[in-house]
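Participant: This structure is in structure tokens; I'll ask about it shortly.
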Amino acid sequence: MGFRTGIVGLPNVGKSTLFNALTRTAAAQAANFPFCTIEPNVGEVAVPDPRLAKLAEIAGSKQVIPTRMTFVDIAGLVKGASRGEGLGNQFLANIREVDAVAHVLRCFEDDDVTHVDGRVDPVADAQTIETELMLADIESVEKRLQGLSRKVRGGDKDAVQQERLLKAALAALEEGRPARTVDVAEDDLKAWRSLQLLTSKPVLYVCNVAEDEAATGNALSRAVAEMAEAEGAASVVISAKIEEEIAQLDAEEAEAFLEELGLEEAGLDRLIKAGYGLLGLETYFTAGPKEARAWTVPKGTLAPQAAGVIHGDFERGFIRAETVSYDDYVACGGEQGAKEAGRMRVEGKAYVVQDGDVLHFLHSG
């Protein structure tokens, strides 16, 4: 199950620098001019989780396999993108295909790096992009409503549901609110997601600050945090330059470098954690002599569906799940110890998987 986060922002805010650091690659050109990233670059990163190494140590696992998250570096949007300005249409299509949006905002002063509007104002930048996405959504919704009218008149149930949801989205957009502010009923969620509205994506604001402000942030990043809180969105402070430097160091050097800067963890770790929270994800583990592995599932996932992330046959033939919490697994020295201490539970099809569960699935076939 892949989760894709699109990195968006105006040109020259540090998107590609951050992407290069995130994916430990120089695949995206980080140049000081707009549109240097024309095709969206896609990179997968391992999700950092210290629990996995501990499980591998206890289980004597030969391999350690973290779960992964996909980042898509999407070229810089500009004012007028909804009308095709710059490379607008292409960018908007790329955003439509991701699960969440990491919106990089320039929160640093640097005379050597030009700003497309000639000023540094991250809140205004965020509003510029949000406006473009809302305008694109309005156009898309109006077209789709026209296309649905015949089916609605014919009483097509799916069309009636789509029309109702599109009208709710349009009402919000015309009031200047993104589609994610629409209150969607549980029964409508699947149909709502299929609409793929740009402003229905959850948003994480990434405040790109100067190196000496990475630990504390600054007035600009604090203004973004206030805006995010008011919207019910999330924000994280990162220095893309620091992340780029860390990407070139080994683990020991990176730890010393972070300590020197007064940072407890790399920006990547904070970004991933914030992304997990944004998408409502959690991690469960499998551990044995062959491998210790982390798996990502949405919160609220039932045991058979969690098994299906490993293999479809596991879901279809699901019998039960032997379950040990991470804390019990560590405290009891592994699966056998947990079983002897009565800390292993046998769960059925109705069990809701919890973050940190160490699971062993029994299945037929």
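Labels used: A, B, ... for chains in the order of the structure tokens, numbers from 1 for residues in each chain, and numbers from 1 for ligands as shown.
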Would you kindly return, as a ChimeraX atom specification, each protein, DNA or RNA residue with an atom no farther than 8 Å from any atom of Leu52 of chain A, considering only C-alpha atoms and excluding same-chain residues fewer than 3 positions away?
Facilitator: /A:49,55-56,64,66,285,292-294
Participant: Restricting it to all heavy atoms, dump the selection as a PDB file, in the first residue's frame.
Facilitator:
```
ATOM      1  N   ASP A  49      12.044   4.464  12.297  1.00  0.00           N
ATOM      2  CA  ASP A  49      11.312   3.953  13.453  1.00  0.00           C
ATOM      3  C   ASP A  49      12.274   3.122  14.306  1.00  0.00           C
ATOM      4  O   ASP A  49      12.602   1.983  13.959  1.00  0.00           O
ATOM      5  CB  ASP A  49      10.126   3.092  13.003  1.00  0.00           C
ATOM      6  CG  ASP A  49       9.149   2.804  14.135  1.00  0.00           C
ATOM      7  OD1 ASP A  49       9.604   2.681  15.297  1.00  0.00           O
ATOM      8  OD2 ASP A  49       7.940   2.702  13.871  1.00  0.00           O
ATOM      9  N   LEU A  55      13.284  -4.656  17.685  1.00  0.00           N
ATOM     10  CA  LEU A  55      12.606  -5.924  17.403  1.00  0.00           C
ATOM     11  C   LEU A  55      13.542  -6.894  16.679  1.00  0.00           C
ATOM     12  O   LEU A  55      13.577  -8.091  16.988  1.00  0.00           O
ATOM     13  CB  LEU A  55      11.356  -5.683  16.552  1.00  0.00           C
ATOM     14  CG  LEU A  55      10.176  -4.958  17.217  1.00  0.00           C
ATOM     15  CD1 LEU A  55       9.088  -4.668  16.189  1.00  0.00           C
ATOM     16  CD2 LEU A  55       9.609  -5.773  18.364  1.00  0.00           C
ATOM     17  N   ALA A  56      14.301  -6.351  15.713  1.00  0.00           N
ATOM     18  CA  ALA A  56      15.227  -7.186  14.940  1.00  0.00           C
ATOM     19  C   ALA A  56      16.301  -7.787  15.845  1.00  0.00           C
ATOM     20  O   ALA A  56      16.687  -8.956  15.706  1.00  0.00           O
ATOM     21  CB  ALA A  56      15.877  -6.346  13.844  1.00  0.00           C
ATOM     22  N   VAL A  64      16.399  -6.264   8.071  1.00  0.00           N
ATOM     23  CA  VAL A  64      15.527  -5.259   8.683  1.00  0.00           C
ATOM     24  C   VAL A  64      14.918  -4.447   7.536  1.00  0.00           C
ATOM     25  O   VAL A  64      15.636  -3.820   6.751  1.00  0.00           O
ATOM     26  CB  VAL A  64      16.319  -4.320   9.622  1.00  0.00           C
ATOM     27  CG1 VAL A  64      15.386  -3.278  10.231  1.00  0.00           C
ATOM     28  CG2 VAL A  64      16.997  -5.120  10.729  1.00  0.00           C
ATOM     29  N   PRO A  66      12.297  -1.500   6.691  1.00  0.00           N
ATOM     30  CA  PRO A  66      11.374  -0.455   7.149  1.00  0.00           C
ATOM     31  C   PRO A  66      10.226  -0.273   6.171  1.00  0.00           C
ATOM     32  O   PRO A  66      10.294  -0.714   5.017  1.00  0.00           O
ATOM     33  CB  PRO A  66      12.256   0.797   7.181  1.00  0.00           C
ATOM     34  CG  PRO A  66      13.317   0.531   6.159  1.00  0.00           C
ATOM     35  CD  PRO A  66      13.534  -0.955   6.138  1.00  0.00           C
ATOM     36  N   PHE A 285       4.200  -4.462  13.057  1.00  0.00           N
ATOM     37  CA  PHE A 285       5.448  -5.157  12.740  1.00  0.00           C
ATOM     38  C   PHE A 285       5.249  -6.658  12.610  1.00  0.00           C
ATOM     39  O   PHE A 285       4.344  -7.235  13.223  1.00  0.00           O
ATOM     40  CB  PHE A 285       6.489  -4.921  13.852  1.00  0.00           C
ATOM     41  CG  PHE A 285       6.784  -3.471  14.125  1.00  0.00           C
ATOM     42  CD1 PHE A 285       6.176  -2.820  15.189  1.00  0.00           C
ATOM     43  CD2 PHE A 285       7.660  -2.762  13.326  1.00  0.00           C
ATOM     44  CE1 PHE A 285       6.433  -1.479  15.446  1.00  0.00           C
ATOM     45  CE2 PHE A 285       7.929  -1.420  13.575  1.00  0.00           C
ATOM     46  CZ  PHE A 285       7.320  -0.781  14.634  1.00  0.00           C
ATOM     47  N   ALA A 292      12.792  -8.661  10.208  1.00  0.00           N
ATOM     48  CA  ALA A 292      11.903  -7.808  11.006  1.00  0.00           C
ATOM     49  C   ALA A 292      11.422  -6.742  10.035  1.00  0.00           C
ATOM     50  O   ALA A 292      12.235  -6.104   9.338  1.00  0.00           O
ATOM     51  CB  ALA A 292      12.660  -7.182  12.169  1.00  0.00           C
ATOM     52  N   ARG A 293      10.112  -6.537   9.988  1.00  0.00           N
ATOM     53  CA  ARG A 293       9.576  -5.647   8.958  1.00  0.00           C
ATOM     54  C   ARG A 293       8.455  -4.765   9.507  1.00  0.00           C
ATOM     55  O   ARG A 293       7.654  -5.201  10.323  1.00  0.00           O
ATOM     56  CB  ARG A 293       9.052  -6.487   7.795  1.00  0.00           C
ATOM     57  CG  ARG A 293       8.618  -5.683   6.601  1.00  0.00           C
ATOM     58  CD  ARG A 293       8.536  -6.556   5.384  1.00  0.00           C
ATOM     59  NE  ARG A 293       8.189  -5.791   4.202  1.00  0.00           N
ATOM     60  CZ  ARG A 293       8.345  -6.222   2.957  1.00  0.00           C
ATOM     61  NH1 ARG A 293       8.843  -7.421   2.728  1.00  0.00           N
ATOM     62  NH2 ARG A 293       8.014  -5.484   1.939  1.00  0.00           N
ATOM     63  N   ALA A 294       8.441  -3.526   9.043  1.00  0.00           N
ATOM     64  CA  ALA A 294       7.386  -2.586   9.421  1.00  0.00           C
ATOM     65  C   ALA A 294       6.389  -2.485   8.275  1.00  0.00           C
ATOM     66  O   ALA A 294       6.774  -2.516   7.103  1.00  0.00           O
ATOM     67  CB  ALA A 294       7.995  -1.217   9.712  1.00  0.00           C
TER      68      ALA A 294
END
```
Participant: Considering only strand (DSSP E or B) as DSSP defines it on the backbone, what residues of segment 68-312 of chain A qualify? List them as an MDAnalysis selection string.
Facilitator: chainID A and resid 68:73 100:106 203:208 234:238 281:287 291:298 302
Participant: Got a sec: who's within 6 Å of Phe314 of chain A, counting only C-alpha atoms, leaving out chain neighbours fewer than 5 positions off, as a short mmCIF file (atom, residue, chain, number, x, y, z; two decimals) with N, CA and C atoms, in the first residue's frame?
Facilitator:
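For reference, result-v7.cif as written:
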```
data_model
loop_
_atom_site.label_atom_id
_atom_site.label_comp_id
_atom_site.auth_asym_id
_atom_site.auth_seq_id
_atom_site.Cartn_x
_atom_site.Cartn_y
_atom_site.Cartn_z
N ALA A 307 -3.51 -7.92 7.27
CA ALA A 307 -2.84 -9.09 6.70
C ALA A 307 -2.74 -8.97 5.19
N GLY A 308 -3.78 -8.38 4.59
CA GLY A 308 -3.80 -8.21 3.13
C GLY A 308 -2.73 -7.29 2.60
N HIS A 363 -3.43 -18.23 8.37
CA HIS A 363 -4.39 -18.17 7.26
C HIS A 363 -4.43 -19.51 6.55
#
```
Participant: Quick one, how far is atom CA of Ala185 of chain A from atom CA of Ile129 of chain A?
Facilitator: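 For atom CA of Ala185 of chain A relative to atom CA of Ile129 of chain A, the distance reads 27.6 Å.
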Participant: Identify, on the basis of only C-alpha atoms, every residue whose closest approach to Arg316 of chain A does not exceed 9 Å; exclude the query and any residue fewer than 3 positions from it along the same chain; express the result as a list in words.
Facilitator: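 Here the qualifying residues turn out to be Pro304, Gly308, Gly312, Asp313, His363, Ser364 and Gly365 of chain A.
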Participant: Interatomic distance between atom CA of Leu302 of chain A and atom CA of Met344 of chain A?
Facilitator: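 So the answer is 17.8 Å.
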